[in-house]
Amino acid sequence: MPTANDRKVVLVTRKTRLEDLIARHLTAAQARFYVEHLGADFSDYEREHEVYRAQHRTTLQVLEQWGRYQIIDRSFLPNFIFGPDDIVAALGQDGLVANTMKYLNDHPLIGLNPDPARHDGILLPFAPRDLAKLLPEVAADKRGSQTVTMAEARLGDGQVLYAVNDLFIGARTHVSAIYELTAGGAMERQSSSGLIVSTGLGSTAWFKSIVTGSLAIAGSFGQPPLLSGYEALPWDAAELRFAVREPFPSRHSKTNLVCGRLAPAEQLRIRSLMPENGVIFSDGVEADRLDFNAGAEVAIGIARRRGRLIV
């Protein structure tokens, strides 16, 4: 193992909204015309960009003092190979931290919040200026961390996708997803808007919104149920939760297996009955997905690898 100061730091960054607009419209002037023509405030995009670039420069100054480092855009994460002793830092929103973590295998991950006024920063406990103090402690394994349970989707052909928050299994478009679902020894054919499988971290976000919406809809047709009984899981919980979105009952589709829990030894198995547009993606990033078309089968459970967020 290399000494503390020899450990490489990999900084994961993202494009700002302004950079995405310029990439789409070719110039800043055309991007401004597009945004202002729609009645939006282009200066807000500029301010966000300026703050992010300033914090990027601050982070880079620390890394230059540290020694070995590499900067990659998040779009390269699916194909990037991390060294076993790398320290990883993510400069961006909470989603960037989650998207980075699923490609790591017990690597220490530092979440850096470039703009606390914009980002809640649940996964971003540090500012870029904190990095100079953090790196020696992390490199020497003297800094605490929070373990994060991940979910795993494994296709029959060996392809694997990990999730820090959620896995989505369904159709790419607004058509119904058709599949066979097996859980707890029971199997049924379903037609729905797809399934969500959430980790402990994900149980505080998308999964909670599904529960909230379902209870509110049910309440509108009777006595409103209380959400006070819902409890999110700890980030390191050895459990996954799943929910079927908008299940449709018919002569050919059932709605008995609409939600449940998966313990460490349990799996959710799904066989696609969709001729096209079937997908599995994680943490809201559809670009990095697995095709899930007719005949494909996926097994979903708790992943062996864990996330390690520096705190």
# chains A, B, ... in the order shown; residues from 1 in each chain; ligands from 1

call {"tool": "residues_around", "arguments": {"residues": "A:Ala132", "least_positions_apart": "6", "cutoff": "9 Å", "atoms": "only C-alpha atoms", "output": "ChimeraX atom specification"}}
result
/A:59,62-63,65-66

call {"tool": "write_last_selection", "arguments": {"atoms": "N, CA and C atoms", "output": "PDB file, in the first residue's frame"}}
result
ATOM      1  N   THR A  59     -10.642  23.928  -5.080  1.00  0.00           N
ATOM      2  CA  THR A  59     -10.356  22.498  -4.936  1.00  0.00           C
ATOM      3  C   THR A  59      -9.077  22.125  -5.665  1.00  0.00           C
ATOM      4  N   VAL A  62      -5.888  22.973  -3.765  1.00  0.00           N
ATOM      5  CA  VAL A  62      -5.578  21.996  -2.709  1.00  0.00           C
ATOM      6  C   VAL A  62      -4.958  20.742  -3.319  1.00  0.00           C
ATOM      7  N   LEU A  63      -5.503  20.270  -4.418  1.00  0.00           N
ATOM      8  CA  LEU A  63      -5.001  19.045  -5.042  1.00  0.00           C
ATOM      9  C   LEU A  63      -3.581  19.233  -5.578  1.00  0.00           C
ATOM     10  N   GLN A  65      -1.335  21.073  -4.266  1.00  0.00           N
ATOM     11  CA  GLN A  65      -0.459  20.992  -3.098  1.00  0.00           C
ATOM     12  C   GLN A  65      -0.325  19.552  -2.608  1.00  0.00           C
ATOM     13  N   TRP A  66      -1.368  18.765  -2.814  1.00  0.00           N
ATOM     14  CA  TRP A  66      -1.351  17.381  -2.342  1.00  0.00           C
ATOM     15  C   TRP A  66      -0.369  16.535  -3.138  1.00  0.00           C
TER      16      TRP A  66
END

call {"tool": "select_by_dssp", "arguments": {"residues": "stretch 44-244 of chain A", "states": "strand (DSSP E)", "output": "ChimeraX atom specification"}}
result
/A:69-73,87-91,108-112,145-155,160-163,166-171,177-183,186-192,195-198,240-244

call {"tool": "residues_around", "arguments": {"residues": "A:Phe82", "least_positions_apart": "4", "cutoff": "10 Å", "atoms": "only C-alpha atoms", "output": "JSON, numbers by chain"}}
result
{"A": [8, 10, 77, 86, 87, 88, 103, 104, 105, 107]}

call {"tool": "closest_atom_pairs", "arguments": {"of": "stretch 161-218 of chain A", "to": "stretch 123-128 of chain A", "cutoff": "12 Å", "atoms": "only C-alpha atoms", "output": "JSON lines"}}
result
{"residue": "A:Val164", "atom": "CA", "partner": "A:Leu123", "partner_atom": "CA", "distance": 11.5}
{"residue": "A:Asn165", "atom": "CA", "partner": "A:Leu123", "partner_atom": "CA", "distance": 11.7}
{"residue": "A:Leu201", "atom": "CA", "partner": "A:Leu123", "partner_atom": "CA", "distance": 10.0}

call {"tool": "select_by_dssp", "arguments": {"residues": "stretch 152-275 of chain A", "states": "helix (DSSP H, G or I)", "output": "list in words"}}
result
Gly202, Ser203, Thr204, Trp206, Phe207, Lys208, Ser209, Ile210, Val211, Thr212, Gly213, Ser214, Leu215, Ala216, Ile217, Ala218, Gly219, Leu227, Ser228 and Gly229 of chain A

call {"tool": "closest_residue", "arguments": {"among": "A:Arg129, A:His252, A:Arg241, A:His119", "to": "A:Asp166", "atoms": "only C-alpha atoms"}}
result
A:Arg241

call {"tool": "residues_around", "arguments": {"residues": "A:Ile300", "least_positions_apart": "6", "cutoff": "7 Å", "atoms": "only C-alpha atoms", "output": "PDB file with N, CA, C and O atoms, in the first residue's frame"}}
result
ATOM      1  N   GLU A 152     -28.253  -4.139  -5.897  1.00  0.00           N
ATOM      2  CA  GLU A 152     -27.616  -4.719  -7.076  1.00  0.00           C
ATOM      3  C   GLU A 152     -28.692  -5.326  -7.974  1.00  0.00           C
ATOM      4  O   GLU A 152     -29.576  -6.042  -7.513  1.00  0.00           O
ATOM      5  N   ALA A 153     -28.596  -5.025  -9.273  1.00  0.00           N
ATOM      6  CA  ALA A 153     -29.447  -5.658 -10.272  1.00  0.00           C
ATOM      7  C   ALA A 153     -28.547  -6.479 -11.182  1.00  0.00           C
ATOM      8  O   ALA A 153     -27.651  -5.933 -11.823  1.00  0.00           O
ATOM      9  N   ARG A 154     -28.780  -7.786 -11.237  1.00  0.00           N
ATOM     10  CA  ARG A 154     -27.918  -8.683 -12.016  1.00  0.00           C
ATOM     11  C   ARG A 154     -28.756  -9.429 -13.052  1.00  0.00           C
ATOM     12  O   ARG A 154     -29.665 -10.189 -12.716  1.00  0.00           O
ATOM     13  N   GLN A 267     -34.162 -12.171  -2.707  1.00  0.00           N
ATOM     14  CA  GLN A 267     -34.052 -11.529  -4.010  1.00  0.00           C
ATOM     15  C   GLN A 267     -35.432 -11.266  -4.591  1.00  0.00           C
ATOM     16  O   GLN A 267     -36.379 -12.010  -4.339  1.00  0.00           O
ATOM     17  N   LEU A 268     -35.495 -10.202  -5.352  1.00  0.00           N
ATOM     18  CA  LEU A 268     -36.661  -9.904  -6.163  1.00  0.00           C
ATOM     19  C   LEU A 268     -36.301 -10.299  -7.591  1.00  0.00           C
ATOM     20  O   LEU A 268     -35.276  -9.850  -8.116  1.00  0.00           O
ATOM     21  N   ARG A 269     -37.100 -11.136  -8.204  1.00  0.00           N
ATOM     22  CA  ARG A 269     -36.804 -11.596  -9.557  1.00  0.00           C
ATOM     23  C   ARG A 269     -37.900 -11.083 -10.501  1.00  0.00           C
ATOM     24  O   ARG A 269     -39.096 -11.206 -10.210  1.00  0.00           O
TER      25      ARG A 269
END

call {"tool": "residues_around", "arguments": {"residues": "stretch 207-218 of chain A", "least_positions_apart": "2", "cutoff": "10 Å", "atoms": "only C-alpha atoms", "output": "number ranges by chain"}}
result
A: 165-166, 196-205, 220-227, 230-232, 241-246

call {"tool": "write_last_selection", "arguments": {"atoms": "C-alpha atoms", "output": "short mmCIF file (atom, residue, chain, number, x, y, z; two decimals), in the first residue's frame"}}
result
data_model
loop_
_atom_site.label_atom_id
_atom_site.label_comp_id
_atom_site.auth_asym_id
_atom_site.auth_seq_id
_atom_site.Cartn_x
_atom_site.Cartn_y
_atom_site.Cartn_z
CA ASN A 165 -30.54 5.30 -3.79
CA ASP A 166 -32.90 3.46 -6.11
CA ILE A 196 -38.71 1.15 -7.57
CA VAL A 197 -36.29 -0.74 -5.33
CA SER A 198 -34.77 1.52 -2.67
CA THR A 199 -31.88 1.32 -0.25
CA GLY A 200 -31.86 2.90 3.19
CA LEU A 201 -30.59 6.14 1.67
CA GLY A 202 -33.23 5.99 -1.05
CA SER A 203 -35.98 5.38 1.50
CA THR A 204 -35.68 9.05 2.48
CA ALA A 205 -36.35 10.32 -1.05
CA SER A 220 -59.07 11.21 -0.83
CA PHE A 221 -61.48 8.27 -1.15
CA GLY A 222 -61.97 7.78 2.57
CA GLN A 223 -60.44 8.50 5.96
CA PRO A 224 -57.05 10.12 5.32
CA PRO A 225 -54.32 7.81 6.58
CA LEU A 226 -51.42 9.26 8.53
CA LEU A 227 -47.87 9.32 7.22
CA TYR A 230 -43.60 5.77 7.83
CA GLU A 231 -40.02 5.40 8.96
CA ALA A 232 -37.07 5.76 6.63
CA ARG A 241 -37.77 -1.86 0.00
CA PHE A 242 -39.67 -2.14 -3.26
CA ALA A 243 -42.86 -0.59 -4.58
CA VAL A 244 -44.81 -1.02 -7.80
CA ARG A 245 -45.85 2.29 -9.34
CA GLU A 246 -49.47 2.53 -10.46
#

call {"tool": "closest_residue", "arguments": {"among": "A:Tyr45, A:Ile310, A:Gly67, A:Lys254", "to": "A:Lys142", "atoms": "only C-alpha atoms"}}
result
A:Ile310

call {"tool": "atom_distance", "arguments": {"atom1": "atom CA of A:Arg189", "atom2": "atom CA of A:Ser176"}}
result
12.6 Å

call {"tool": "closest_residue", "arguments": {"among": "A:Ile169, A:Leu109, A:Leu91, A:Ala265", "to": "A:Glu286", "atoms": "only C-alpha atoms"}}
result
A:Ile169

call {"tool": "residues_around", "arguments": {"residues": "A:Tyr52", "least_positions_apart": "4", "cutoff": "12 Å", "atoms": "only C-alpha atoms", "output": "number ranges by chain"}}
result
A: 13-19, 45-48, 56-59, 91-93, 112-119, 127-128

call {"tool": "write_last_selection", "arguments": {"atoms": "N, CA, C and O atoms", "output": "short mmCIF file (atom, residue, chain, number, x, y, z; two decimals), in the first residue's frame"}}
result
data_model
loop_
_atom_site.label_atom_id
_atom_site.label_comp_id
_atom_site.auth_asym_id
_atom_site.auth_seq_id
_atom_site.Cartn_x
_atom_site.Cartn_y
_atom_site.Cartn_z
N THR A 13 -16.28 15.79 -11.22
CA THR A 13 -16.96 17.07 -11.41
C THR A 13 -18.17 16.87 -12.34
O THR A 13 -18.40 15.79 -12.88
N ARG A 14 -18.89 17.94 -12.53
CA ARG A 14 -20.05 17.92 -13.42
C ARG A 14 -20.08 19.22 -14.22
O ARG A 14 -19.49 20.23 -13.82
N LYS A 15 -20.77 19.19 -15.33
CA LYS A 15 -20.99 20.42 -16.09
C LYS A 15 -22.09 21.23 -15.40
O LYS A 15 -23.04 20.67 -14.84
N THR A 16 -21.95 22.53 -15.43
CA THR A 16 -23.00 23.39 -14.90
C THR A 16 -24.16 23.47 -15.89
O THR A 16 -24.04 23.08 -17.05
N ARG A 17 -25.27 24.01 -15.43
CA ARG A 17 -26.41 24.19 -16.33
C ARG A 17 -26.04 25.09 -17.50
O ARG A 17 -26.49 24.88 -18.64
N LEU A 18 -25.21 26.10 -17.24
CA LEU A 18 -24.78 27.00 -18.31
C LEU A 18 -23.96 26.25 -19.35
O LEU A 18 -24.14 26.45 -20.56
N GLU A 19 -23.05 25.41 -18.90
CA GLU A 19 -22.24 24.63 -19.84
C GLU A 19 -23.10 23.69 -20.66
O GLU A 19 -22.85 23.49 -21.86
N TYR A 45 -28.23 31.40 -14.21
CA TYR A 45 -27.35 30.37 -14.75
C TYR A 45 -25.89 30.84 -14.68
O TYR A 45 -24.99 30.06 -14.36
N GLU A 46 -25.68 32.12 -14.96
CA GLU A 46 -24.32 32.67 -14.92
C GLU A 46 -23.76 32.69 -13.50
O GLU A 46 -22.60 32.34 -13.28
N ARG A 47 -24.60 33.08 -12.54
CA ARG A 47 -24.14 33.12 -11.14
C ARG A 47 -23.79 31.72 -10.66
O ARG A 47 -22.76 31.52 -9.99
N GLU A 48 -24.64 30.77 -10.96
CA GLU A 48 -24.37 29.39 -10.56
C GLU A 48 -23.04 28.91 -11.15
O GLU A 48 -22.23 28.28 -10.47
N HIS A 56 -14.32 25.18 -7.88
CA HIS A 56 -13.47 24.22 -8.60
C HIS A 56 -12.01 24.66 -8.53
O HIS A 56 -11.11 23.84 -8.31
N ARG A 57 -11.76 25.95 -8.69
CA ARG A 57 -10.38 26.47 -8.60
C ARG A 57 -9.83 26.28 -7.19
O ARG A 57 -8.65 25.91 -7.02
N THR A 58 -10.66 26.50 -6.18
CA THR A 58 -10.21 26.29 -4.80
C THR A 58 -9.82 24.83 -4.58
O THR A 58 -8.79 24.53 -3.97
N THR A 59 -10.64 23.93 -5.08
CA THR A 59 -10.36 22.50 -4.94
C THR A 59 -9.08 22.12 -5.66
O THR A 59 -8.24 21.36 -5.15
N LEU A 91 -17.48 17.01 -6.44
CA LEU A 91 -17.82 18.43 -6.30
C LEU A 91 -19.12 18.69 -7.05
O LEU A 91 -19.14 18.83 -8.27
N GLY A 92 -20.22 18.71 -6.32
CA GLY A 92 -21.49 18.92 -7.01
C GLY A 92 -22.67 18.67 -6.10
O GLY A 92 -22.53 18.68 -4.87
N GLN A 93 -23.83 18.43 -6.69
CA GLN A 93 -25.02 18.17 -5.90
C GLN A 93 -24.95 16.79 -5.26
O GLN A 93 -24.07 15.99 -5.54
N LEU A 112 -18.23 17.32 -1.57
CA LEU A 112 -17.92 18.74 -1.45
C LEU A 112 -19.07 19.57 -2.00
O LEU A 112 -19.48 19.40 -3.15
N ASN A 113 -19.58 20.47 -1.17
CA ASN A 113 -20.71 21.32 -1.57
C ASN A 113 -20.19 22.63 -2.14
O ASN A 113 -19.66 23.46 -1.41
N PRO A 114 -20.35 22.85 -3.46
CA PRO A 114 -19.82 24.07 -4.06
C PRO A 114 -20.71 25.29 -3.83
O PRO A 114 -20.26 26.42 -4.03
N ASP A 115 -21.96 25.07 -3.42
CA ASP A 115 -22.90 26.19 -3.32
C ASP A 115 -24.00 25.86 -2.31
O ASP A 115 -25.10 25.45 -2.68
N PRO A 116 -23.71 26.03 -1.01
CA PRO A 116 -24.71 25.69 0.02
C PRO A 116 -26.02 26.44 -0.13
O PRO A 116 -27.05 25.98 0.36
N ALA A 117 -26.01 27.60 -0.79
CA ALA A 117 -27.24 28.35 -0.97
C ALA A 117 -28.19 27.64 -1.93
O ALA A 117 -29.40 27.87 -1.91
N ARG A 118 -27.65 26.75 -2.78
CA ARG A 118 -28.47 26.04 -3.76
C ARG A 118 -28.71 24.59 -3.39
O ARG A 118 -29.74 24.02 -3.77
N HIS A 119 -27.76 23.96 -2.73
CA HIS A 119 -27.83 22.51 -2.50
C HIS A 119 -27.97 22.21 -1.02
O HIS A 119 -27.19 22.72 -0.19
N ALA A 127 -17.01 21.75 2.60
CA ALA A 127 -16.75 22.77 1.59
C ALA A 127 -15.39 22.48 0.96
O ALA A 127 -14.54 21.83 1.59
N PRO A 128 -15.14 22.94 -0.26
CA PRO A 128 -13.83 22.71 -0.89
C PRO A 128 -12.65 23.18 -0.03
O PRO A 128 -11.59 22.55 -0.04
#

call {"tool": "decode", "arguments": {"residues": "stretch 36-183 of chain A", "atoms": "C-alpha atoms", "output": "JSON list (two decimals), in the first residue's frame"}}
result
[["chain", "number", "residue", "atom", "x", "y", "z"],
["A", 36, "GLU", "CA", -34.64, 34.83, -22.02],
["A", 37, "HIS", "CA", -37.04, 34.15, -24.88],
["A", 38, "LEU", "CA", -38.79, 31.72, -22.52],
["A", 39, "GLY", "CA", -38.95, 34.41, -19.85],
["A", 40, "ALA", "CA", -36.34, 32.86, -17.54],
["A", 41, "ASP", "CA", -33.47, 34.62, -15.74],
["A", 42, "PHE", "CA", -30.24, 33.86, -17.59],
["A", 43, "SER", "CA", -28.18, 35.65, -14.95],
["A", 44, "ASP", "CA", -29.10, 32.89, -12.49],
["A", 45, "TYR", "CA", -27.35, 30.37, -14.75],
["A", 46, "GLU", "CA", -24.32, 32.67, -14.92],
["A", 47, "ARG", "CA", -24.14, 33.12, -11.14],
["A", 48, "GLU", "CA", -24.37, 29.39, -10.56],
["A", 49, "HIS", "CA", -21.61, 28.80, -13.10],
["A", 50, "GLU", "CA", -19.32, 31.44, -11.59],
["A", 51, "VAL", "CA", -19.72, 30.02, -8.07],
["A", 52, "TYR", "CA", -19.04, 26.47, -9.23],
["A", 53, "ARG", "CA", -15.94, 27.46, -11.22],
["A", 54, "ALA", "CA", -14.59, 29.44, -8.25],
["A", 55, "GLN", "CA", -15.02, 26.44, -5.94],
["A", 56, "HIS", "CA", -13.47, 24.22, -8.60],
["A", 57, "ARG", "CA", -10.38, 26.47, -8.60],
["A", 58, "THR", "CA", -10.21, 26.29, -4.80],
["A", 59, "THR", "CA", -10.36, 22.50, -4.94],
["A", 60, "LEU", "CA", -7.71, 22.37, -7.64],
["A", 61, "GLN", "CA", -5.32, 24.49, -5.56],
["A", 62, "VAL", "CA", -5.58, 22.00, -2.71],
["A", 63, "LEU", "CA", -5.00, 19.04, -5.04],
["A", 64, "GLU", "CA", -1.93, 20.67, -6.58],
["A", 65, "GLN", "CA", -0.46, 20.99, -3.10],
["A", 66, "TRP", "CA", -1.35, 17.38, -2.34],
["A", 67, "GLY", "CA", 0.45, 15.79, -5.29],
["A", 68, "ARG", "CA", -1.14, 12.99, -7.31],
["A", 69, "TYR", "CA", -4.63, 13.73, -8.55],
["A", 70, "GLN", "CA", -6.92, 13.25, -11.52],
["A", 71, "ILE", "CA", -10.08, 15.10, -12.55],
["A", 72, "ILE", "CA", -12.89, 13.37, -14.45],
["A", 73, "ASP", "CA", -16.34, 14.47, -15.56],
["A", 74, "ARG", "CA", -19.18, 12.33, -14.24],
["A", 75, "SER", "CA", -20.01, 11.18, -17.78],
["A", 76, "PHE", "CA", -16.83, 9.07, -17.71],
["A", 77, "LEU", "CA", -17.69, 7.24, -14.49],
["A", 78, "PRO", "CA", -19.14, 4.09, -16.13],
["A", 79, "ASN", "CA", -15.83, 3.39, -17.89],
["A", 80, "PHE", "CA", -13.35, 4.76, -15.36],
["A", 81, "ILE", "CA", -11.19, 2.31, -13.43],
["A", 82, "PHE", "CA", -10.43, 3.42, -9.88],
["A", 83, "GLY", "CA", -7.25, 2.24, -8.22],
["A", 84, "PRO", "CA", -7.74, 0.25, -5.00],
["A", 85, "ASP", "CA", -6.09, 2.97, -2.89],
["A", 86, "ASP", "CA", -7.67, 6.01, -4.56],
["A", 87, "ILE", "CA", -9.38, 8.69, -2.51],
["A", 88, "VAL", "CA", -12.42, 10.07, -4.31],
["A", 89, "ALA", "CA", -14.00, 13.51, -3.98],
["A", 90, "ALA", "CA", -17.18, 14.72, -5.70],
["A", 91, "LEU", "CA", -17.82, 18.43, -6.30],
["A", 92, "GLY", "CA", -21.49, 18.92, -7.01],
["A", 93, "GLN", "CA", -25.02, 18.17, -5.90],
["A", 94, "ASP", "CA", -26.03, 15.22, -3.73],
["A", 95, "GLY", "CA", -26.90, 13.31, -6.89],
["A", 96, "LEU", "CA", -23.30, 13.48, -8.07],
["A", 97, "VAL", "CA", -22.13, 11.85, -4.83],
["A", 98, "ALA", "CA", -24.67, 9.04, -5.21],
["A", 99, "ASN", "CA", -23.80, 8.55, -8.86],
["A", 100, "THR", "CA", -20.10, 8.40, -8.02],
["A", 101, "MET", "CA", -20.48, 6.05, -5.06],
["A", 102, "LYS", "CA", -22.12, 3.26, -7.05],
["A", 103, "TYR", "CA", -18.91, 2.84, -9.09],
["A", 104, "LEU", "CA", -16.72, 2.55, -6.00],
["A", 105, "ASN", "CA", -15.83, -0.46, -3.89],
["A", 106, "ASP", "CA", -15.17, 0.69, -0.32],
["A", 107, "HIS", "CA", -13.24, 3.73, -1.55],
["A", 108, "PRO", "CA", -13.45, 6.74, 0.79],
["A", 109, "LEU", "CA", -15.70, 9.35, -0.82],
["A", 110, "ILE", "CA", -15.67, 13.02, 0.16],
["A", 111, "GLY", "CA", -18.73, 15.07, -0.77],
["A", 112, "LEU", "CA", -17.92, 18.74, -1.45],
["A", 113, "ASN", "CA", -20.71, 21.32, -1.57],
["A", 114, "PRO", "CA", -19.82, 24.07, -4.06],
["A", 115, "ASP", "CA", -22.90, 26.19, -3.32],
["A", 116, "PRO", "CA", -24.71, 25.69, 0.02],
["A", 117, "ALA", "CA", -27.24, 28.35, -0.97],
["A", 118, "ARG", "CA", -28.47, 26.04, -3.76],
["A", 119, "HIS", "CA", -27.83, 22.51, -2.50],
["A", 120, "ASP", "CA", -29.16, 21.00, 0.72],
["A", 121, "GLY", "CA", -26.03, 18.87, 0.83],
["A", 122, "ILE", "CA", -27.19, 15.81, 2.76],
["A", 123, "LEU", "CA", -24.30, 13.94, 1.10],
["A", 124, "LEU", "CA", -22.10, 17.06, 0.93],
["A", 125, "PRO", "CA", -20.89, 17.71, 4.47],
["A", 126, "PHE", "CA", -17.77, 19.62, 3.45],
["A", 127, "ALA", "CA", -16.75, 22.77, 1.59],
["A", 128, "PRO", "CA", -13.83, 22.71, -0.89],
["A", 129, "ARG", "CA", -11.73, 24.72, 1.59],
["A", 130, "ASP", "CA", -11.99, 21.79, 4.03],
["A", 131, "LEU", "CA", -10.19, 19.44, 1.66],
["A", 132, "ALA", "CA", -6.67, 20.45, 2.73],
["A", 133, "LYS", "CA", -7.37, 19.30, 6.29],
["A", 134, "LEU", "CA", -9.38, 16.25, 5.27],
["A", 135, "LEU", "CA", -7.00, 14.58, 2.83],
["A", 136, "PRO", "CA", -4.18, 13.75, 5.29],
["A", 137, "GLU", "CA", -6.71, 12.29, 7.75],
["A", 138, "VAL", "CA", -8.51, 10.25, 5.11],
["A", 139, "ALA", "CA", -5.24, 9.01, 3.58],
["A", 140, "ALA", "CA", -4.08, 7.86, 7.01],
["A", 141, "ASP", "CA", -7.47, 6.20, 7.71],
["A", 142, "LYS", "CA", -8.01, 8.50, 10.66],
["A", 143, "ARG", "CA", -11.29, 10.02, 9.52],
["A", 144, "GLY", "CA", -14.71, 8.59, 10.30],
["A", 145, "SER", "CA", -17.08, 7.40, 7.60],
["A", 146, "GLN", "CA", -20.70, 6.40, 7.12],
["A", 147, "THR", "CA", -21.40, 3.01, 5.54],
["A", 148, "VAL", "CA", -24.05, 3.07, 2.82],
["A", 149, "THR", "CA", -25.91, -0.07, 1.69],
["A", 150, "MET", "CA", -26.20, -0.51, -2.08],
["A", 151, "ALA", "CA", -28.66, -2.46, -4.21],
["A", 152, "GLU", "CA", -27.62, -4.72, -7.08],
["A", 153, "ALA", "CA", -29.45, -5.66, -10.27],
["A", 154, "ARG", "CA", -27.92, -8.68, -12.02],
["A", 155, "LEU", "CA", -29.14, -9.85, -15.42],
["A", 156, "GLY", "CA", -28.97, -13.47, -16.51],
["A", 157, "ASP", "CA", -26.19, -12.63, -18.98],
["A", 158, "GLY", "CA", -23.96, -11.34, -16.17],
["A", 159, "GLN", "CA", -24.47, -7.58, -16.56],
["A", 160, "VAL", "CA", -24.65, -5.81, -13.19],
["A", 161, "LEU", "CA", -25.88, -2.37, -12.16],
["A", 162, "TYR", "CA", -25.51, -0.93, -8.65],
["A", 163, "ALA", "CA", -27.64, 1.69, -6.92],
["A", 164, "VAL", "CA", -26.98, 3.93, -3.94],
["A", 165, "ASN", "CA", -30.54, 5.30, -3.79],
["A", 166, "ASP", "CA", -32.90, 3.46, -6.11],
["A", 167, "LEU", "CA", -33.23, 1.04, -8.99],
["A", 168, "PHE", "CA", -35.97, 1.67, -11.54],
["A", 169, "ILE", "CA", -37.25, -1.25, -13.60],
["A", 170, "GLY", "CA", -39.78, -0.46, -16.29],
["A", 171, "ALA", "CA", -40.27, 1.14, -19.70],
["A", 172, "ARG", "CA", -38.39, 4.12, -21.12],
["A", 173, "THR", "CA", -41.53, 5.80, -22.42],
["A", 174, "HIS", "CA", -44.94, 6.49, -20.90],
["A", 175, "VAL", "CA", -46.31, 3.10, -21.89],
["A", 176, "SER", "CA", -47.04, 0.40, -19.35],
["A", 177, "ALA", "CA", -44.27, -1.95, -18.28],
["A", 178, "ILE", "CA", -45.29, -5.62, -18.54],
["A", 179, "TYR", "CA", -43.38, -8.26, -16.61],
["A", 180, "GLU", "CA", -43.52, -11.23, -14.25],
["A", 181, "LEU", "CA", -42.60, -10.47, -10.65],
["A", 182, "THR", "CA", -41.49, -13.09, -8.13],
["A", 183, "ALA", "CA", -41.12, -12.21, -4.45]]
